[in-house]
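K.L.:
Would you mind keeping the following structure in view while I ask a few things?
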Amino acid sequence: MYDLPIGCSLVQCGSHILLDPTAEEERYSKLREDFGKITIAMMAAYNSQVIYMDSYGSLKNELMHKGLKILQTACQKILIDVRECLKQHVLKKESVDNITADELKLFQPQKYITTFLENNVRPDGRQLIEFRPVLIDVGSFATASGSALVRLSGTSVLCGVKVELTNPTNNEPNKGFFVPNVTLTSICSNRFTAGPPSEQAQVYTRLIMDLWKNSEFLSPEKLCILEGKLAWCIFAEMICLSYDGNILDACVLALIAALKNTRLPEVVINPDDNSIEVTNNTVALDLSSYVFSVTYAVIKDNVIADPSLEEETFEDSSITIFLKEDNTTCIHSSGFVQDDLLMHCIKCAKNRHSEMKSLIDTLN
């Protein structure tokens with residue numbers, strides 16, 4: 001069952017703490033000089049994430065700490081009771097009449113998903129291996145060297161590219177640098193909180209870095225301007241604006257579109273004295289090849305392409321195929337995947353690569 005927001009309050013009345021006070025108890029407590037009140041709302045089933053908190057009156061740090069622990073425990077218990085009530089309502093409803101689709105989605109979301117899949121269709125009307133429409137907008141941000149905004153229905157990712165001149169390393173004097181970073185903001189989903197990068201964001205960043213190392217869609221040698229002296233460092237920042245599943249495919253597509261849109265300042269080297277001049281002219285960043293990722297979710301015996309957040313919630317395993325010019329460069333999977341399902345995914349992914357390549361070629 002989906003997480004539910006749960007709220008609870010407590011008041012301080014002398015040496016006592018009253019949980020979920022009545023109106024009479026609250027009025028009486030307010031007459032005391034040491035009156036204090038704490039109210040919180042939280043997503044109890046999702047890491048006890050507090051989404052609202054308010055305090056009033058005289059509250060010492062010790063009481064505040066103790067009160068928050070009491071309220072968090074109370075919210076967990078309330079959630080259990082609420083779920084039980086909802087479950088009983090569903091059972092009663094099923095015994096009297098057929099449950100509606102909306103009620104099934106709310107109370108038994110996994111059964112809601114599998115009921116659709118058993119009929120070879122998905123809740124949003126797509127076929128099992130059908131992808132959501134893709135919208136790409138490039139060059140929207142003048143402050144970036146290149147940019148792209150990708151939308152996969154409810155999933156949106158913005159990729160901005162910045163370039164800097166730097167010195168190559170002594171170990172690899174003829175190579176430039178590529179530095180990707182994926183950010184899953186708290187505004188894109190309540191799954192993520194503000195602060196340091198989430199574990200999921202770090203995994204995506206590492207996957208994209210590994211993809212670059214394995215496929216070299218951006219040749220490090222071509223990023224070198226003067227061996228041992230000067231090279232380009234390409235920073236690619238991928239920011240999730242809205243999250244409705246399959247964020248990795250959106251990030252990779254936004255990255256490739258933004259790199260294709262990137263313009264580098266022209267660097268002129270004087271052959272006589274190796275002096276360097278950066279002009280006002282720009283040149284296109286040279287992409288060695290197009291690389292795309294294609295993600296599938298496995299729910300029971302069904303393989304579905306481009307899973308939504310709702311479908312990701314109940315997947316048994318997932319498969320992401322990274323393709324370069326119709327050749328599999330690497331595969332990332334989570335959970336057990338049978339060999340026949342894997343081969344089926346690879347075959348379908350090759351068609352997707354051709355579609356995305358044609359789409360990228362149409363961009364300015």
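Identifiers for the structure tokens are assigned positionally: chains receive A, B, ... in sequence, residues are indexed from 1 per chain, and ligands are indexed from 1 in the order shown.
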Compile the contact shell of region 285-290 of chain A as a list in words: residues with an atom at most 7 Å away, counting only C-alpha atoms, same-chain residues fewer than 4 positions apart removed.
P.N.:
Phe217, Leu218, Ser219, Ile256, Leu259, Lys260, Thr262, Arg263, Leu264, Lys324, Glu325 and Lys357 of chain A
K.L.:
Grab the residues selected above and save them as a CSV table (one decimal), in the first residue's frame with all heavy atoms.
P.N.:
chain,number,residue,atom,x,y,z
A,217,PHE,N,31.8,7.8,-25.7
A,217,PHE,CA,31.0,8.6,-26.7
A,217,PHE,C,31.5,10.0,-26.8
A,217,PHE,O,31.2,10.7,-27.8
A,217,PHE,CB,29.5,8.7,-26.2
A,217,PHE,CG,29.3,9.1,-24.8
A,217,PHE,CD1,29.3,10.4,-24.5
A,217,PHE,CD2,29.2,8.2,-23.8
A,217,PHE,CE1,29.1,10.9,-23.1
A,217,PHE,CE2,29.0,8.6,-22.4
A,217,PHE,CZ,29.0,9.9,-22.1
A,218,LEU,N,32.4,10.4,-25.8
A,218,LEU,CA,33.1,11.7,-25.9
A,218,LEU,C,34.6,11.3,-25.7
A,218,LEU,O,35.0,11.0,-24.7
A,218,LEU,CB,32.6,12.6,-24.7
A,218,LEU,CG,33.0,14.0,-24.8
A,218,LEU,CD1,32.4,14.7,-26.0
A,218,LEU,CD2,32.5,14.7,-23.5
A,219,SER,N,35.3,11.3,-26.9
A,219,SER,CA,36.7,10.8,-26.9
A,219,SER,C,37.6,11.7,-26.0
A,219,SER,O,37.7,12.9,-26.2
A,219,SER,CB,37.2,10.8,-28.3
A,219,SER,OG,38.6,10.5,-28.3
A,256,ILE,N,23.2,13.3,-23.9
A,256,ILE,CA,23.6,13.2,-25.3
A,256,ILE,C,23.1,14.5,-26.0
A,256,ILE,O,23.8,15.1,-26.8
A,256,ILE,CB,23.1,11.9,-25.9
A,256,ILE,CG1,23.7,10.7,-25.2
A,256,ILE,CG2,23.4,11.9,-27.4
A,256,ILE,CD1,25.3,10.7,-25.3
A,259,LEU,N,25.2,17.5,-25.0
A,259,LEU,CA,26.5,17.5,-25.6
A,259,LEU,C,26.5,17.8,-27.1
A,259,LEU,O,27.4,18.5,-27.6
A,259,LEU,CB,27.1,16.1,-25.4
A,259,LEU,CG,27.5,15.7,-23.9
A,259,LEU,CD1,28.0,14.3,-23.8
A,259,LEU,CD2,28.5,16.7,-23.3
A,260,LYS,N,25.5,17.3,-27.8
A,260,LYS,CA,25.3,17.7,-29.2
A,260,LYS,C,25.1,19.2,-29.4
A,260,LYS,O,25.5,19.8,-30.4
A,260,LYS,CB,24.2,16.9,-29.8
A,260,LYS,CG,24.1,17.1,-31.3
A,260,LYS,CD,23.0,16.2,-31.9
A,260,LYS,CE,22.9,16.3,-33.4
A,260,LYS,NZ,22.6,17.6,-33.9
A,262,THR,N,26.3,21.5,-27.4
A,262,THR,CA,27.4,22.2,-26.8
A,262,THR,C,28.4,22.9,-27.8
A,262,THR,O,28.7,22.2,-28.8
A,262,THR,CB,28.3,21.3,-25.9
A,262,THR,OG1,27.4,20.8,-24.8
A,262,THR,CG2,29.5,22.0,-25.3
A,263,ARG,N,28.7,24.1,-27.6
A,263,ARG,CA,29.7,24.8,-28.4
A,263,ARG,C,30.9,25.2,-27.5
A,263,ARG,O,30.8,25.7,-26.4
A,263,ARG,CB,29.1,26.1,-28.9
A,263,ARG,CG,27.8,25.9,-29.7
A,263,ARG,CD,28.0,25.3,-31.1
A,263,ARG,NE,28.8,26.2,-31.9
A,263,ARG,CZ,29.2,25.9,-33.2
A,263,ARG,NH1,28.7,24.8,-33.7
A,263,ARG,NH2,29.9,26.7,-33.9
A,264,LEU,N,32.1,24.9,-28.1
A,264,LEU,CA,33.3,25.2,-27.4
A,264,LEU,C,34.0,26.5,-27.9
A,264,LEU,O,33.9,26.8,-29.1
A,264,LEU,CB,34.3,24.1,-27.5
A,264,LEU,CG,33.9,22.7,-27.1
A,264,LEU,CD1,35.0,21.7,-27.4
A,264,LEU,CD2,33.7,22.7,-25.6
A,324,LYS,N,25.5,1.4,-28.0
A,324,LYS,CA,26.3,2.3,-28.8
A,324,LYS,C,26.3,1.8,-30.2
A,324,LYS,O,26.8,0.7,-30.5
A,324,LYS,CB,27.8,2.3,-28.3
A,324,LYS,CG,28.7,3.1,-29.2
A,324,LYS,CD,30.1,3.0,-28.7
A,324,LYS,CE,31.1,3.7,-29.7
A,324,LYS,NZ,32.5,3.5,-29.2
A,325,GLU,N,25.6,2.5,-31.1
A,325,GLU,CA,25.5,2.1,-32.5
A,325,GLU,C,25.0,0.7,-32.7
A,325,GLU,O,25.6,-0.1,-33.4
A,325,GLU,CB,26.9,2.3,-33.2
A,325,GLU,CG,27.4,3.7,-33.2
A,325,GLU,CD,26.5,4.7,-33.8
A,325,GLU,OE1,25.7,4.4,-34.7
A,325,GLU,OE2,26.6,5.9,-33.3
A,357,LYS,N,18.3,7.8,-32.0
A,357,LYS,CA,19.3,8.4,-32.9
A,357,LYS,C,18.7,9.3,-33.9
A,357,LYS,O,19.2,10.4,-34.2
A,357,LYS,CB,20.1,7.3,-33.5
A,357,LYS,CG,21.3,7.8,-34.4
A,357,LYS,CD,22.1,6.7,-35.0
A,357,LYS,CE,23.3,7.2,-35.7
A,357,LYS,NZ,23.0,8.1,-36.9
K.L.:
As a VMD selection string, list the residues of region 10-221 of chain A assigned to strand (DSSP E or B) by DSSP on the backbone atoms of this structure.
P.N.:
chain A and resid 10 to 13 16 to 19 36 to 43 49 to 57 134 to 138 146 to 152 155 to 166 177 to 184
K.L.:
Neighbouring residues of region 72-81 of chain A were defined as those with any atom within 7 Å, considering only C-alpha atoms; residues of the same chain fewer than 3 positions away were excluded. Please report them as a PyMOL selection string.
P.N.:
chain A and resi 6-8+44+68-69+84-85
K.L.:
Using Å and a single decimal, report how far CA of Pro133 (chain A) sits from CA of Leu106 (chain A).
P.N.:
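Distance between the two atoms: 26.3 Å.
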K.L.:
I want to know what sits within 12 Å of Gln110 (chain A), based on only C-alpha atoms, with residues of the same chain fewer than 5 positions away left out; could you give that as a list in words?
P.N.:
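Everything that qualifies: Met1, Tyr2, Leu104, Lys105, Thr115, Phe116, Leu117, Pro123, Ile299, Lys300, Glu310, Glu311, Glu312, Thr313, Phe314, Glu315 and Asp316 of chain A.
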K.L.:
Which residues come within 8 Å of Leu248 (chain A), counting only C-alpha atoms, excluding same-chain residues fewer than 2 positions away, as a list in words?
P.N.:
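Here the answer would be Tyr204, Asn246, Ala250, Cys251, Val252, Ser293 and Thr295 of chain A.
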K.L.:
Within 12 Å of Gly160 (chain A), counting only C-alpha atoms, which residues qualify if same-chain residues fewer than 4 places away don't, as number ranges by chain?
P.N.:
A: 137-150, 179-183, 234-240, 251, 254-262
K.L.:
Store the residues of this selection in a file with C-alpha atoms, as an mmCIF file, in the first residue's frame.
P.N.:
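Writing the result to selection36.cif gives the following:
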data_model
loop_
_atom_site.group_PDB
_atom_site.id
_atom_site.type_symbol
_atom_site.label_atom_id
_atom_site.label_comp_id
_atom_site.auth_asym_id
_atom_site.auth_seq_id
_atom_site.Cartn_x
_atom_site.Cartn_y
_atom_site.Cartn_z
ATOM 1 C CA ASP A 137 14.183 21.100 -26.011
ATOM 2 C CA VAL A 138 17.810 22.184 -26.548
ATOM 3 C CA GLY A 139 19.682 25.435 -26.071
ATOM 4 C CA SER A 140 17.252 26.949 -23.580
ATOM 5 C CA PHE A 141 19.917 28.261 -21.184
ATOM 6 C CA ALA A 142 22.296 30.907 -22.445
ATOM 7 C CA THR A 143 24.542 30.606 -19.374
ATOM 8 C CA ALA A 144 25.475 27.020 -20.282
ATOM 9 C CA SER A 145 27.758 25.903 -23.092
ATOM 10 C CA GLY A 146 25.048 23.443 -24.050
ATOM 11 C CA SER A 147 21.729 22.366 -22.554
ATOM 12 C CA ALA A 148 18.771 20.069 -23.071
ATOM 13 C CA LEU A 149 15.450 19.479 -21.346
ATOM 14 C CA VAL A 150 13.992 15.985 -21.766
ATOM 15 C CA VAL A 179 32.698 14.988 -15.104
ATOM 16 C CA PRO A 180 28.996 14.004 -14.874
ATOM 17 C CA ASN A 181 26.715 14.596 -11.899
ATOM 18 C CA VAL A 182 23.101 13.577 -11.314
ATOM 19 C CA THR A 183 20.978 15.525 -8.825
ATOM 20 C CA ILE A 234 33.446 18.906 -19.686
ATOM 21 C CA PHE A 235 31.074 19.224 -16.720
ATOM 22 C CA ALA A 236 27.595 17.770 -17.259
ATOM 23 C CA GLU A 237 24.985 18.469 -14.586
ATOM 24 C CA MET A 238 21.753 16.457 -14.858
ATOM 25 C CA ILE A 239 18.959 17.727 -12.610
ATOM 26 C CA CYS A 240 15.669 15.893 -12.160
ATOM 27 C CA CYS A 251 19.380 11.487 -17.818
ATOM 28 C CA ALA A 254 19.364 14.657 -21.864
ATOM 29 C CA LEU A 255 23.151 14.268 -21.613
ATOM 30 C CA ILE A 256 23.589 13.237 -25.263
ATOM 31 C CA ALA A 257 21.239 16.002 -26.461
ATOM 32 C CA ALA A 258 23.065 18.615 -24.360
ATOM 33 C CA LEU A 259 26.514 17.482 -25.571
ATOM 34 C CA LYS A 260 25.327 17.685 -29.184
ATOM 35 C CA ASN A 261 24.141 21.230 -28.432
ATOM 36 C CA THR A 262 27.444 22.234 -26.790
#
K.L.:
Write out as CSV the residues of region 235-310 of chain A that have any atom within 10 Å of an atom of region 151-154 of chain A, one row each with the nearest atom pair and its distance in Å to one decimal, counting only C-alpha atoms, sorted by chain and then rising number.
P.N.:
residue,atom,partner,partner_atom,distance
A:Leu241,CA,A:Gly154,CA,9.6
A:Ser242,CA,A:Gly154,CA,6.5
A:Tyr243,CA,A:Gly154,CA,6.5
A:Asp244,CA,A:Gly154,CA,5.0
A:Gly245,CA,A:Gly154,CA,8.0
A:Asn246,CA,A:Leu152,CA,8.5
A:Ile247,CA,A:Leu152,CA,8.9
A:Asp249,CA,A:Leu152,CA,9.1
A:Ala250,CA,A:Leu152,CA,6.9
A:Leu253,CA,A:Arg151,CA,9.8
A:Ala254,CA,A:Arg151,CA,9.0
A:Asp306,CA,A:Leu152,CA,8.9
A:Ser308,CA,A:Gly154,CA,8.4
A:Leu309,CA,A:Gly154,CA,9.2
K.L.:
Selected residues, C-alpha atoms, written as an mmCIF file, in the first residue's frame, please.
P.N.:
data_model
loop_
_atom_site.group_PDB
_atom_site.id
_atom_site.type_symbol
_atom_site.label_atom_id
_atom_site.label_comp_id
_atom_site.auth_asym_id
_atom_site.auth_seq_id
_atom_site.Cartn_x
_atom_site.Cartn_y
_atom_site.Cartn_z
ATOM 1 C CA LEU A 241 12.784 18.368 -12.152
ATOM 2 C CA SER A 242 9.930 15.856 -11.899
ATOM 3 C CA TYR A 243 10.129 12.143 -11.190
ATOM 4 C CA ASP A 244 7.651 9.640 -12.638
ATOM 5 C CA GLY A 245 9.948 6.687 -13.178
ATOM 6 C CA ASN A 246 12.832 5.710 -15.496
ATOM 7 C CA ILE A 247 15.051 8.603 -14.498
ATOM 8 C CA ASP A 249 17.033 6.844 -19.465
ATOM 9 C CA ALA A 250 15.959 10.485 -19.221
ATOM 10 C CA LEU A 253 19.115 11.127 -23.313
ATOM 11 C CA ALA A 254 19.364 14.657 -21.864
ATOM 12 C CA ASP A 306 10.077 2.585 -19.763
ATOM 13 C CA SER A 308 6.522 4.660 -14.595
ATOM 14 C CA LEU A 309 7.092 5.357 -10.908
#
K.L.:
Write out as number ranges by chain the residues lying within 8 Å of Ile304 (chain A), counting only C-alpha atoms and excluding same-chain residues fewer than 5 positions away.
P.N.:
A: 128-130, 296-299
K.L.:
Have a look at A:Ala231, A:Phe178, A:Phe322, A:Met356 and name the one nearest to Met209 (chain A); count only C-alpha atoms.
P.N.:
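Answer, going by the shortest atom-to-atom distance: A:Phe178.
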K.L.:
So the first atom is CA of Ile187 (chain A) and the second is CA of Ala201 (chain A); what is the distance between them in Å, to one decimal place?
P.N.:
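That distance, rounded to one decimal, is 14.3 Å.
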K.L.:
Output as a PyMOL selection string all residues of region 76-195 of chain A that backbone DSSP marks as alpha helix (DSSP H).
P.N.:
chain A and resi 76-96+101-107+109-117
K.L.:
For the atom pair CA of Gly67 (chain A) and CA of Leu10 (chain A), what is the interatomic distance in Å to one decimal place?
P.N.:
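CA of Gly67 (chain A) sits 7.5 Å away from CA of Leu10 (chain A).
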K.L.:
Have a look at A:Glu221, A:Ile269, A:Ile51, A:Pro109 and name the one nearest to Gly176 (chain A); count only C-alpha atoms.
P.N.:
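Nearest to Gly176 (chain A): A:Glu221.
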K.L.:
Out of A:Asn274, A:Ile319, A:Asp34, A:Lys60, which residue has the shortest atom-to-atom distance to Asp339 (chain A) when counting only C-alpha atoms?
P.N.:
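For Asp339 (chain A), the nearest of the candidates is A:Ile319.
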